[in-house]
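Reproduced below: coords.cif, with mmCIF, C-alpha atoms.
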data_work
loop_
_atom_site.group_PDB
_atom_site.id
_atom_site.type_symbol
_atom_site.label_atom_id
_atom_site.label_comp_id
_atom_site.auth_asym_id
_atom_site.auth_seq_id
_atom_site.Cartn_x
_atom_site.Cartn_y
_atom_site.Cartn_z
ATOM 1 C CA MET A 79 191.568 -59.246 92.904
ATOM 2 C CA VAL A 80 193.908 -62.228 92.794
ATOM 3 C CA LEU A 81 191.090 -64.569 93.817
ATOM 4 C CA GLY A 82 188.798 -63.070 91.166
ATOM 5 C CA VAL A 83 191.350 -63.581 88.396
ATOM 6 C CA ALA A 84 192.054 -67.108 89.635
ATOM 7 C CA ALA A 85 188.312 -67.904 89.734
ATOM 8 C CA CYS A 86 187.843 -66.642 86.167
ATOM 9 C CA PHE A 87 190.810 -68.664 84.965
ATOM 10 C CA GLY A 88 189.521 -71.750 86.755
ATOM 11 C CA TYR A 89 186.017 -71.328 85.313
ATOM 12 C CA PHE A 90 187.214 -70.970 81.716
ATOM 13 C CA TRP A 91 189.701 -73.852 82.042
ATOM 14 C CA ALA A 92 187.139 -76.192 83.617
ATOM 15 C CA SER A 93 184.314 -75.270 81.215
ATOM 16 C CA ASN A 94 186.539 -75.726 78.167
ATOM 17 C CA LYS A 95 187.810 -79.029 79.561
ATOM 18 C CA LEU A 96 184.233 -80.235 80.054
ATOM 19 C CA LEU A 97 183.250 -79.110 76.552
ATOM 20 C CA ASP A 98 186.222 -80.915 74.994
ATOM 21 C CA THR A 99 185.263 -84.042 76.936
ATOM 22 C CA LEU A 100 181.650 -83.921 75.750
ATOM 23 C CA TYR A 101 182.606 -83.135 72.147
ATOM 24 C CA PRO A 102 186.105 -84.595 71.603
ATOM 25 C CA ALA A 103 188.077 -83.526 68.553
ATOM 26 C CA SER A 104 188.641 -87.132 67.549
ATOM 27 C CA GLY A 105 186.702 -90.233 66.625
ATOM 28 C CA ALA A 106 184.077 -90.938 64.018
ATOM 29 C CA HIS A 107 182.028 -87.795 64.666
ATOM 30 C CA VAL A 108 184.890 -85.305 64.822
ATOM 31 C CA ALA A 109 183.331 -82.855 62.315
ATOM 32 C CA ALA A 110 179.977 -82.772 64.127
ATOM 33 C CA ASN A 111 181.726 -82.483 67.494
ATOM 34 C CA LEU A 112 183.836 -79.516 66.369
ATOM 35 C CA THR A 113 180.759 -77.766 64.961
ATOM 36 C CA LYS A 114 178.845 -78.218 68.219
ATOM 37 C CA ALA A 115 181.819 -77.221 70.358
ATOM 38 C CA ASN A 116 182.401 -74.062 68.320
ATOM 39 C CA ALA A 117 178.723 -73.150 68.674
ATOM 40 C CA VAL A 118 178.760 -73.616 72.460
ATOM 41 C CA ARG A 119 182.229 -72.225 73.307
ATOM 42 C CA PRO A 120 181.441 -68.489 72.842
ATOM 43 C CA TRP A 121 178.571 -68.832 75.318
ATOM 44 C CA LEU A 122 180.995 -70.147 77.922
ATOM 45 C CA PHE A 123 182.649 -66.733 77.807
ATOM 46 C CA LEU A 124 179.462 -64.693 77.366
ATOM 47 C CA GLY A 125 177.407 -66.644 79.896
ATOM 48 C CA PRO A 126 178.676 -65.004 83.115
ATOM 49 C CA ALA A 127 178.417 -61.535 81.577
ATOM 50 C CA VAL A 128 174.873 -62.172 80.336
ATOM 51 C CA ILE A 129 173.833 -63.406 83.786
ATOM 52 C CA VAL A 130 175.386 -60.388 85.544
ATOM 53 C CA VAL A 131 173.808 -57.947 83.089
ATOM 54 C CA GLY A 132 170.484 -59.698 83.551
ATOM 55 C CA LEU A 133 170.707 -59.423 87.322
ATOM 56 C CA TYR A 134 171.980 -55.852 87.544
ATOM 57 C CA LEU A 135 170.274 -54.243 84.545
ATOM 58 C CA ALA A 136 167.274 -56.208 83.324
ATOM 59 C CA TYR A 137 165.925 -57.114 86.759
ATOM 60 C CA PRO A 138 165.915 -53.509 88.088
ATOM 61 C CA VAL A 139 164.044 -52.352 84.972
ATOM 62 C CA VAL A 140 161.392 -55.042 85.334
ATOM 63 C CA ASN A 141 161.146 -54.409 89.067
ATOM 64 C CA SER A 142 160.801 -50.629 88.522
ATOM 65 C CA ILE A 143 157.962 -51.204 86.063
ATOM 66 C CA TRP A 144 156.263 -53.464 88.597
ATOM 67 C CA LEU A 145 156.727 -50.955 91.457
ATOM 68 C CA SER A 146 155.395 -48.084 89.334
ATOM 69 C CA PHE A 147 151.972 -49.741 89.478
ATOM 70 C CA HIS A 148 152.090 -50.037 93.261
ATOM 71 C CA GLY A 149 151.702 -47.723 96.216
ATOM 72 C CA PRO A 150 154.387 -46.186 98.468
ATOM 73 C CA SER A 151 155.330 -49.466 100.146
ATOM 74 C CA GLY A 152 155.536 -51.358 96.849
ATOM 75 C CA GLU A 153 153.033 -53.912 98.100
ATOM 76 C CA THR A 154 149.618 -52.351 97.392
ATOM 77 C CA TRP A 155 148.367 -52.333 93.786
ATOM 78 C CA ALA A 156 147.741 -48.754 92.636
ATOM 79 C CA GLY A 157 147.101 -49.190 88.924
ATOM 80 C CA THR A 158 147.994 -46.135 86.858
ATOM 81 C CA SER A 159 147.615 -43.668 89.739
ATOM 82 C CA ASN A 160 151.374 -42.945 89.846
ATOM 83 C CA TYR A 161 151.368 -42.042 86.153
ATOM 84 C CA GLU A 162 148.285 -39.850 86.635
ATOM 85 C CA TRP A 163 150.032 -38.109 89.525
ATOM 86 C CA LEU A 164 153.119 -37.583 87.380
ATOM 87 C CA ALA A 165 151.054 -35.893 84.651
ATOM 88 C CA ARG A 166 149.600 -33.413 87.170
ATOM 89 C CA ASP A 167 152.622 -32.822 89.416
ATOM 90 C CA GLY A 168 154.220 -29.371 89.315
ATOM 91 C CA GLY A 169 157.532 -30.628 90.708
ATOM 92 C CA PHE A 170 157.827 -33.130 87.872
ATOM 93 C CA ARG A 171 157.143 -30.430 85.263
ATOM 94 C CA GLU A 172 159.804 -28.227 86.862
ATOM 95 C CA SER A 173 162.272 -31.116 86.769
ATOM 96 C CA VAL A 174 161.562 -31.796 83.092
ATOM 97 C CA ARG A 175 161.963 -28.093 82.207
ATOM 98 C CA ASN A 176 165.284 -27.910 84.016
ATOM 99 C CA ASN A 177 166.523 -31.149 82.451
ATOM 100 C CA ILE A 178 165.666 -29.789 78.999
ATOM 101 C CA LEU A 179 167.560 -26.592 79.840
ATOM 102 C CA TRP A 180 170.568 -28.657 80.915
ATOM 103 C CA LEU A 181 170.304 -30.685 77.688
ATOM 104 C CA ILE A 182 170.357 -27.548 75.560
ATOM 105 C CA VAL A 183 173.270 -25.840 77.298
ATOM 106 C CA VAL A 184 175.684 -28.389 78.791
ATOM 107 C CA PRO A 185 176.403 -30.769 75.847
ATOM 108 C CA ALA A 186 176.740 -27.824 73.437
ATOM 109 C CA ALA A 187 178.996 -25.786 75.728
ATOM 110 C CA THR A 188 181.123 -28.759 76.790
ATOM 111 C CA THR A 189 181.643 -29.989 73.223
ATOM 112 C CA PHE A 190 182.411 -26.456 72.010
ATOM 113 C CA PHE A 191 184.969 -25.711 74.727
ATOM 114 C CA GLY A 192 186.465 -29.199 74.384
ATOM 115 C CA LEU A 193 186.865 -28.746 70.627
ATOM 116 C CA ILE A 194 188.448 -25.304 71.028
ATOM 117 C CA ALA A 195 190.792 -26.593 73.735
ATOM 118 C CA ALA A 196 191.760 -29.594 71.575
ATOM 119 C CA ALA A 197 192.530 -27.383 68.592
ATOM 120 C CA LEU A 198 194.512 -24.785 70.543
ATOM 121 C CA THR A 199 196.533 -27.121 72.769
ATOM 122 C CA ASP A 200 197.784 -28.992 69.699
ATOM 123 C CA ARG A 201 199.258 -25.730 68.365
ATOM 124 C CA ILE A 202 201.295 -24.607 71.396
ATOM 125 C CA ALA A 203 204.580 -25.917 72.791
ATOM 126 C CA TRP A 204 203.212 -26.501 76.289
ATOM 127 C CA GLY A 205 200.029 -28.113 74.980
ATOM 128 C CA ASN A 206 200.415 -31.299 77.050
ATOM 129 C CA ILE A 207 200.647 -29.269 80.259
ATOM 130 C CA ALA A 208 197.554 -27.297 79.254
ATOM 131 C CA LYS A 209 195.683 -30.538 78.496
ATOM 132 C CA SER A 210 196.635 -31.928 81.902
ATOM 133 C CA LEU A 211 195.282 -28.821 83.642
ATOM 134 C CA ILE A 212 192.038 -28.874 81.646
ATOM 135 C CA PHE A 213 191.595 -32.608 82.227
ATOM 136 C CA MET A 214 192.355 -32.402 85.952
ATOM 137 C CA PRO A 215 188.732 -31.675 87.058
ATOM 138 C CA MET A 216 187.790 -35.112 85.671
ATOM 139 C CA ALA A 217 189.708 -36.592 88.626
ATOM 140 C CA ILE A 218 187.414 -34.787 91.086
ATOM 141 C CA SER A 219 184.119 -36.319 92.126
ATOM 142 C CA PHE A 220 180.938 -34.420 91.298
ATOM 143 C CA VAL A 221 180.338 -33.775 94.997
ATOM 144 C CA GLY A 222 183.898 -32.522 95.463
ATOM 145 C CA ALA A 223 183.570 -30.205 92.463
ATOM 146 C CA SER A 224 180.234 -28.969 93.805
ATOM 147 C CA VAL A 225 181.843 -28.073 97.145
ATOM 148 C CA ILE A 226 184.598 -26.158 95.326
ATOM 149 C CA TRP A 227 182.098 -24.177 93.277
ATOM 150 C CA LYS A 228 179.856 -23.629 96.272
ATOM 151 C CA PHE A 229 182.751 -21.716 97.824
ATOM 152 C CA ILE A 230 183.181 -19.765 94.583
ATOM 153 C CA TYR A 231 179.483 -18.779 94.710
ATOM 154 C CA ASP A 232 179.510 -18.191 98.471
ATOM 155 C CA TYR A 233 177.471 -15.206 99.651
ATOM 156 C CA ARG A 234 178.000 -12.978 102.677
ATOM 157 C CA PRO A 235 175.861 -9.910 103.460
ATOM 158 C CA ALA A 236 176.988 -6.547 102.092
ATOM 159 C CA GLY A 237 179.716 -5.054 104.252
ATOM 160 C CA SER A 238 181.075 -8.458 105.290
ATOM 161 C CA GLU A 239 184.287 -9.941 103.959
ATOM 162 C CA GLN A 240 183.439 -12.052 100.915
ATOM 163 C CA ILE A 241 185.129 -15.457 100.877
ATOM 164 C CA GLY A 242 183.398 -16.416 97.613
ATOM 165 C CA LEU A 243 185.596 -15.669 94.600
ATOM 166 C CA LEU A 244 182.725 -14.422 92.437
ATOM 167 C CA ASN A 245 181.338 -12.043 95.053
ATOM 168 C CA ALA A 246 184.866 -10.888 95.927
ATOM 169 C CA ILE A 247 185.328 -9.846 92.289
ATOM 170 C CA VAL A 248 181.891 -8.186 92.141
ATOM 171 C CA THR A 249 182.415 -6.192 95.334
ATOM 172 C CA GLY A 250 185.956 -5.342 94.261
ATOM 173 C CA LEU A 251 184.472 -3.735 91.146
ATOM 174 C CA GLY A 252 182.011 -1.774 93.245
ATOM 175 C CA GLY A 253 178.961 -4.052 92.906
ATOM 176 C CA ASP A 254 176.750 -5.687 95.503
ATOM 177 C CA PRO A 255 177.206 -9.328 96.511
ATOM 178 C CA GLN A 256 174.610 -11.781 95.275
ATOM 179 C CA ALA A 257 173.360 -15.141 96.540
ATOM 180 C CA TRP A 258 174.055 -16.636 93.123
ATOM 181 C CA ILE A 259 172.617 -20.117 93.568
ATOM 182 C CA THR A 260 169.297 -18.737 94.845
ATOM 183 C CA VAL A 261 168.667 -16.401 91.895
ATOM 184 C CA PRO A 262 165.638 -17.866 90.026
ATOM 185 C CA PHE A 263 166.309 -19.333 86.566
ATOM 186 C CA TRP A 264 169.918 -18.127 86.402
ATOM 187 C CA ASN A 265 170.955 -20.388 89.266
ATOM 188 C CA ASN A 266 170.470 -23.345 86.901
ATOM 189 C CA PHE A 267 173.235 -21.949 84.703
ATOM 190 C CA PHE A 268 175.529 -21.511 87.709
ATOM 191 C CA LEU A 269 175.053 -25.217 88.447
ATOM 192 C CA MET A 270 175.646 -26.135 84.804
ATOM 193 C CA VAL A 271 179.041 -24.421 84.927
ATOM 194 C CA VAL A 272 180.216 -27.110 87.353
ATOM 195 C CA LEU A 273 179.436 -29.965 84.945
ATOM 196 C CA ILE A 274 180.874 -28.054 81.978
ATOM 197 C CA TRP A 275 184.074 -27.453 83.973
ATOM 198 C CA ILE A 276 184.360 -31.158 84.764
ATOM 199 C CA GLN A 277 183.482 -32.607 81.353
ATOM 200 C CA THR A 278 185.400 -30.216 79.086
ATOM 201 C CA GLY A 279 188.553 -32.270 79.712
ATOM 202 C CA PHE A 280 186.802 -35.437 78.557
ATOM 203 C CA ALA A 281 185.572 -33.775 75.359
ATOM 204 C CA MET A 282 189.005 -32.289 74.730
ATOM 205 C CA VAL A 283 190.848 -35.625 74.977
ATOM 206 C CA ILE A 284 188.456 -37.455 72.627
ATOM 207 C CA LEU A 285 188.330 -34.637 70.076
ATOM 208 C CA SER A 286 192.090 -34.087 70.215
ATOM 209 C CA ALA A 287 192.636 -37.730 69.242
ATOM 210 C CA ALA A 288 190.152 -37.301 66.382
ATOM 211 C CA LEU A 289 191.887 -34.138 65.138
ATOM 212 C CA ARG A 290 195.242 -35.901 65.116
ATOM 213 C CA GLY A 291 193.736 -38.664 62.989
ATOM 214 C CA ILE A 292 192.889 -36.267 60.137
ATOM 215 C CA PRO A 293 195.074 -36.992 57.062
ATOM 216 C CA GLU A 294 197.758 -34.352 56.606
ATOM 217 C CA GLU A 295 197.164 -34.367 52.845
ATOM 218 C CA THR A 296 193.800 -32.618 53.231
ATOM 219 C CA ILE A 297 195.339 -29.912 55.428
ATOM 220 C CA GLU A 298 198.243 -29.377 53.028
ATOM 221 C CA ALA A 299 195.871 -29.149 50.070
ATOM 222 C CA ALA A 300 193.802 -26.501 51.868
ATOM 223 C CA VAL A 301 196.938 -24.487 52.703
ATOM 224 C CA ILE A 302 198.044 -24.609 49.058
ATOM 225 C CA ASP A 303 194.583 -23.384 47.999
ATOM 226 C CA GLY A 304 195.019 -20.385 50.278
ATOM 227 C CA ALA A 305 192.600 -21.319 53.063
ATOM 228 C CA SER A 306 192.940 -19.389 56.317
ATOM 229 C CA PRO A 307 193.509 -21.215 59.644
ATOM 230 C CA PHE A 308 189.853 -20.624 60.588
ATOM 231 C CA GLN A 309 188.642 -22.004 57.237
ATOM 232 C CA ILE A 310 190.887 -25.055 57.634
ATOM 233 C CA PHE A 311 189.476 -25.683 61.090
ATOM 234 C CA TYR A 312 185.805 -25.007 60.303
ATOM 235 C CA LYS A 313 185.535 -26.363 56.762
ATOM 236 C CA ILE A 314 188.207 -29.082 56.653
ATOM 237 C CA LYS A 315 188.801 -30.454 60.150
ATOM 238 C CA VAL A 316 185.366 -30.256 61.779
ATOM 239 C CA PRO A 317 183.497 -32.083 58.964
ATOM 240 C CA GLN A 318 186.003 -34.934 59.118
ATOM 241 C CA ILE A 319 185.512 -35.481 62.854
ATOM 242 C CA TRP A 320 181.767 -34.858 62.909
ATOM 243 C CA ALA A 321 181.038 -38.475 63.919
ATOM 244 C CA THR A 322 183.339 -38.109 66.944
ATOM 245 C CA ILE A 323 181.727 -34.787 67.860
ATOM 246 C CA ALA A 324 178.309 -36.465 67.734
ATOM 247 C CA VAL A 325 179.470 -39.304 70.003
ATOM 248 C CA VAL A 326 180.937 -36.854 72.530
ATOM 249 C CA TRP A 327 177.758 -34.785 72.399
ATOM 250 C CA THR A 328 175.478 -37.762 73.003
ATOM 251 C CA THR A 329 177.707 -39.193 75.752
ATOM 252 C CA ILE A 330 177.486 -35.917 77.669
ATOM 253 C CA THR A 331 173.742 -35.764 76.926
ATOM 254 C CA ILE A 332 173.257 -39.134 78.638
ATOM 255 C CA LEU A 333 175.276 -37.872 81.611
ATOM 256 C CA VAL A 334 173.136 -34.719 81.794
ATOM 257 C CA LEU A 335 169.910 -36.730 81.851
ATOM 258 C CA LYS A 336 171.210 -38.498 84.947
ATOM 259 C CA VAL A 337 172.684 -35.421 86.668
ATOM 260 C CA PHE A 338 172.142 -35.686 90.389
ATOM 261 C CA ASP A 339 175.197 -35.088 92.585
ATOM 262 C CA ILE A 340 175.720 -31.443 91.638
ATOM 263 C CA VAL A 341 172.118 -30.434 92.275
ATOM 264 C CA LEU A 342 171.941 -32.394 95.537
ATOM 265 C CA ALA A 343 175.190 -30.965 96.909
ATOM 266 C CA MET A 344 174.609 -27.336 95.882
ATOM 267 C CA THR A 345 170.862 -26.638 96.170
ATOM 268 C CA ASN A 346 169.109 -29.946 96.901
ATOM 269 C CA GLY A 347 166.613 -28.951 94.220
ATOM 270 C CA GLN A 348 165.604 -25.724 95.972
ATOM 271 C CA TRP A 349 165.049 -22.315 94.345
ATOM 272 C CA GLY A 350 163.751 -23.819 91.108
ATOM 273 C CA THR A 351 166.738 -26.089 90.371
ATOM 274 C CA GLN A 352 165.063 -29.489 90.700
ATOM 275 C CA VAL A 353 166.011 -32.164 88.141
ATOM 276 C CA LEU A 354 164.574 -35.619 87.492
ATOM 277 C CA ALA A 355 167.265 -37.712 89.188
ATOM 278 C CA ASN A 356 167.187 -35.594 92.341
ATOM 279 C CA TYR A 357 163.377 -35.620 92.317
ATOM 280 C CA MET A 358 163.440 -39.409 92.133
ATOM 281 C CA PHE A 359 165.884 -39.488 95.060
ATOM 282 C CA ASP A 360 163.595 -37.221 97.105
ATOM 283 C CA TRP A 361 160.576 -39.471 96.628
ATOM 284 C CA MET A 362 162.571 -42.656 97.224
ATOM 285 C CA PHE A 363 164.550 -41.749 100.346
ATOM 286 C CA ARG A 364 162.690 -38.768 101.791
ATOM 287 C CA GLY A 365 159.120 -39.395 100.720
ATOM 288 C CA LEU A 366 159.607 -43.183 101.074
ATOM 289 C CA ASP A 367 157.319 -43.694 98.084
ATOM 290 C CA PHE A 368 158.736 -46.500 95.950
ATOM 291 C CA GLY A 369 155.887 -46.302 93.440
ATOM 292 C CA ARG A 370 156.367 -42.644 92.519
ATOM 293 C CA ALA A 371 160.163 -42.900 92.601
ATOM 294 C CA SER A 372 160.064 -45.881 90.226
ATOM 295 C CA THR A 373 157.749 -43.994 87.877
ATOM 296 C CA ILE A 374 160.219 -41.092 87.685
ATOM 297 C CA ALA A 375 163.087 -43.577 87.176
ATOM 298 C CA LEU A 376 161.269 -45.058 84.178
ATOM 299 C CA VAL A 377 160.896 -41.588 82.656
ATOM 300 C CA ILE A 378 164.662 -41.081 82.960
ATOM 301 C CA MET A 379 165.287 -44.519 81.410
ATOM 302 C CA LEU A 380 162.969 -43.780 78.477
ATOM 303 C CA MET A 381 164.814 -40.507 77.850
ATOM 304 C CA VAL A 382 168.271 -42.097 78.053
ATOM 305 C CA ALA A 383 167.619 -45.321 76.094
ATOM 306 C CA PRO A 384 167.185 -43.917 72.539
ATOM 307 C CA ILE A 385 170.181 -41.600 72.913
ATOM 308 C CA MET A 386 172.328 -44.468 74.185
ATOM 309 C CA ALA A 387 171.180 -46.717 71.326
ATOM 310 C CA TRP A 388 172.040 -44.017 68.785
ATOM 311 C CA ASN A 389 175.417 -43.475 70.444
ATOM 312 C CA ILE A 390 176.248 -47.187 70.207
ATOM 313 C CA TYR A 391 175.117 -47.223 66.568
ATOM 314 C CA GLU A 392 177.331 -44.258 65.680
ATOM 315 C CA THR A 393 180.292 -45.773 67.517
ATOM 316 C CA LYS A 394 179.927 -49.054 65.610
ATOM 317 C CA LYS A 395 179.526 -47.201 62.335
ATOM 318 C CA GLY A 396 182.679 -45.221 63.019
ATOM 319 C CA THR A 397 184.747 -48.374 63.609
ATOM 320 C CA LYS A 398 183.784 -49.938 60.281
#

The structure given in the file should be rewritten as structure tokens.
Amino acid sequence: MVLGVAACFGYFWASNKLLDTLYPASGAHVAANLTKANAVRPWLFLGPAVIVVGLYLAYPVVNSIWLSFHGPSGETWAGTSNYEWLARDGGFRESVRNNILWLIVVPAATTFFGLIAAALTDRIAWGNIAKSLIFMPMAISFVGASVIWKFIYDYRPAGSEQIGLLNAIVTGLGGDPQAWITVPFWNNFFLMVVLIWIQTGFAMVILSAALRGIPEETIEAAVIDGASPFQIFYKIKVPQIWATIAVVWTTITILVLKVFDIVLAMTNGQWGTQVLANYMFDWMFRGLDFGRASTIALVIMLMVAPIMAWNIYETKKGTK
């Protein structure tokens, strides 16, 4: 870390020194020199970042496009065969369906619970403690959270002692234990709960800051007009933080499109829970087919890119 900071300092000092030597702020051409130096100087700071972004973002995209037109080894030209396979593949269609289901449920649920938590914790004396508890899952990795919830969903045959919390409750109420993460269709929702549990703290923190930024005058005016607490929240507060809600929603949407760890750790895509990122991983590291894996990666990129662009646009608009 120390060497990195020292290297950055040395680069900026040396590059500025060289620029000032080439275009000195003195002499007969001082005005032209200052104009040129001011035009070049920002690129001295942006240059390293642009190069790094080019290497670690632009190059992988170009390389993925190139590989998508090649066979499993990435060396044999395959034309559009990978895209034709994708259009016919049942596993891909299952992944898309599940991703759409995640997109419908997780951002809505996470934003809703985060907004409710933000509103309620600001009204109680021990609100900061409650916020800390709700935010705590954010400190856990997705794999770690998946292991925790896998124990909660754990299944043992009827008559055995249930170590899974959910089945312990069910059997305690007289029901039969269930293998929750193998139940078709519904197991997707059991996996979604993990991501909602993790991300609710993030939504809560962002929305709580937005709620605190609402002018008190509007709240006081609503109280004087006789508005109920629910009307104040729904008709006064929410409209004023709608831009923040949209940014939180889209941020979680981007995360959902890339969801991978939870599915891999809990079901590995079995029992109808496959998603695009895990499907790409399967073809890349299990199927050893770089062409098909790159094709799936491009689909994920095309789904994420417009949402990310809109998110950046809304963020910039909100700062103006």

Next item on the list: Name the residues that the PyMOL selection byres ((chain A and resi 111-128) around 12) picks from the file above, as a PyMOL selection string, using the file's chain letters and numbers.
Entry: chain A and resi 86-87+89-110+129-136

Next item on the list: Mind checking which residues fall within 12 Å of Leu244 in chain A, counting only C-alpha atoms, ignoring those fewer than 3 positions away in the same chain, and posting them as a list in words?
Entry: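 Listed by chain and then number, they are Trp227, Lys228, Phe229, Ile230, Tyr231, Asp232, Tyr233, Arg234, Gln240, Ile241, Ile247, Val248, Thr249, Gly250, Leu251, Gly253, Asp254, Pro255, Gln256, Ala257, Trp258, Ile259 and Phe268 of chain A.
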
Notebook entry, point to check: Residues at most 10 Å from Trp275 in chain A, counting all atoms listed in the file, excluding those fewer than 6 positions away in the same chain, as a ChimeraX atom specification?
Noted result: /A:184,187-188,191,212-216,223

Margin query: Can you translate the PyMOL selection byres ((chain A and resi 316) around 12) into the concrete residues it hits in this file, as a list in words?
Written below: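 So the PyMOL selection byres ((chain A and resi 316) around 12) ends up selecting Phe190, Leu193, Ile194, Ala196, Ala197, Leu285, Ser286, Ala288, Leu289, Arg290, Gly291, Ile292, Ile297, Phe308, Gln309, Ile310, Phe311, Tyr312, Lys313, Ile314, Lys315, Pro317, Gln318, Ile319, Trp320, Ala321, Thr322, Ile323 and Ala324 of chain A.
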
Output file for the residues above (C-alpha atoms, as a PDB file, in the frame of the given file):
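Written out: again_17.pdb:
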ATOM      1  CA  PHE A 190     182.411 -26.456  72.010  1.00  0.00           C
ATOM      2  CA  LEU A 193     186.865 -28.746  70.627  1.00  0.00           C
ATOM      3  CA  ILE A 194     188.448 -25.304  71.028  1.00  0.00           C
ATOM      4  CA  ALA A 196     191.760 -29.594  71.575  1.00  0.00           C
ATOM      5  CA  ALA A 197     192.530 -27.383  68.592  1.00  0.00           C
ATOM      6  CA  LEU A 285     188.330 -34.637  70.076  1.00  0.00           C
ATOM      7  CA  SER A 286     192.090 -34.087  70.215  1.00  0.00           C
ATOM      8  CA  ALA A 288     190.152 -37.301  66.382  1.00  0.00           C
ATOM      9  CA  LEU A 289     191.887 -34.138  65.138  1.00  0.00           C
ATOM     10  CA  ARG A 290     195.242 -35.901  65.116  1.00  0.00           C
ATOM     11  CA  GLY A 291     193.736 -38.664  62.989  1.00  0.00           C
ATOM     12  CA  ILE A 292     192.889 -36.267  60.137  1.00  0.00           C
ATOM     13  CA  ILE A 297     195.339 -29.912  55.428  1.00  0.00           C
ATOM     14  CA  PHE A 308     189.853 -20.624  60.588  1.00  0.00           C
ATOM     15  CA  GLN A 309     188.642 -22.004  57.237  1.00  0.00           C
ATOM     16  CA  ILE A 310     190.887 -25.055  57.634  1.00  0.00           C
ATOM     17  CA  PHE A 311     189.476 -25.683  61.090  1.00  0.00           C
ATOM     18  CA  TYR A 312     185.805 -25.007  60.303  1.00  0.00           C
ATOM     19  CA  LYS A 313     185.535 -26.363  56.762  1.00  0.00           C
ATOM     20  CA  ILE A 314     188.207 -29.082  56.653  1.00  0.00           C
ATOM     21  CA  LYS A 315     188.801 -30.454  60.150  1.00  0.00           C
ATOM     22  CA  PRO A 317     183.497 -32.083  58.964  1.00  0.00           C
ATOM     23  CA  GLN A 318     186.003 -34.934  59.118  1.00  0.00           C
ATOM     24  CA  ILE A 319     185.512 -35.481  62.854  1.00  0.00           C
ATOM     25  CA  TRP A 320     181.767 -34.858  62.909  1.00  0.00           C
ATOM     26  CA  ALA A 321     181.038 -38.475  63.919  1.00  0.00           C
ATOM     27  CA  THR A 322     183.339 -38.109  66.944  1.00  0.00           C
ATOM     28  CA  ILE A 323     181.727 -34.787  67.860  1.00  0.00           C
ATOM     29  CA  ALA A 324     178.309 -36.465  67.734  1.00  0.00           C
TER      30      ALA A 324
END

Checklist line | Nearest candidate to Glu162 in chain A (options A:Asn141, A:Asn265, A:Asn245, A:Arg370; using only C-alpha atoms) | finding: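 Result for the nearest residue to Glu162 in chain A: A:Arg370.
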
Margin query: For this structure, which residues satisfy the selection - the PyMOL selection byres ((chain A and resi 356) around 10) - when it is evaluated on the file as given? I want them as number ranges by chain.
Written below: A: 173, 336-342, 346-347, 351-355, 357-362

Check: What does the distance from CA of Ile202 in chain A to CA of Phe280 in chain A come to in Å, to one decimal?
Finding: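 So the answer is 19.5 Å.
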
Margin query: Given only C-alpha atoms as the basis, pick out the residue of A:Glu392, A:Val283, A:Ser159, A:Gly149 nearest to Leu211 in chain A.
Written below: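 The answer is A:Val283, which sits nearest to Leu211 in chain A.
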
Notebook entry, point to check: So which residues fall inside 8 Å of (160.2, -41.7, 100.3) if we count all atoms listed in the file? Mind giving them as a PyMOL selection string?
Noted result: chain A and resi 150+360-368+371

Next item on the list: Would you list the contacts of Glu153 in chain A as a PyMOL selection string, taking every protein, DNA or RNA residue within 12 Å and counting all atoms listed in the file, but skipping same-chain residues closer than 6 positions in sequence?
Entry: chain A and resi 144-147+367-369

Margin query: Please determine, counting only C-alpha atoms, which residue among A:Thr278, A:Thr260, A:Thr328, A:Thr199 has the shortest atom-to-atom distance to Gln348 in chain A.
Written below: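 Of the candidates, the smallest distance to Gln348 in chain A is held by A:Thr260.
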
Margin query: Between CA of Pro235 in chain A and CA of Phe220 in chain A, what distance in Å does the model show, to one decimal?
Written below: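 Going from CA of Pro235 in chain A over to CA of Phe220 in chain A covers 27.8 Å.
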
Checklist line | CA of Asp200 in chain A to CA of Ile218 in chain A, distance in Å rounded to a single decimal | finding: 24.5 Å

Next item on the list: Could you check which of A:Ala217, A:Ile274, A:Ala84, A:Ala375 is closest to Ala186 in chain A, using all atoms listed in the file?
Entry: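 Among the listed residues, the smallest separation from Ala186 in chain A belongs to A:Ile274.
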
Check: range 378-387 of chain A: which residues within 10 Å, counting only C-alpha atoms, same-chain residues fewer than 2 positions away excluded, as a list in words?
Finding: Val139, Val174, Val325, Thr328, Thr329, Thr331, Ile332, Leu333, Val334, Leu335, Lys336, Leu354, Ala355, Met358, Ser372, Thr373, Ile374, Ala375, Leu376, Asn389, Ile390, Tyr391, Glu392 and Thr393 of chain A
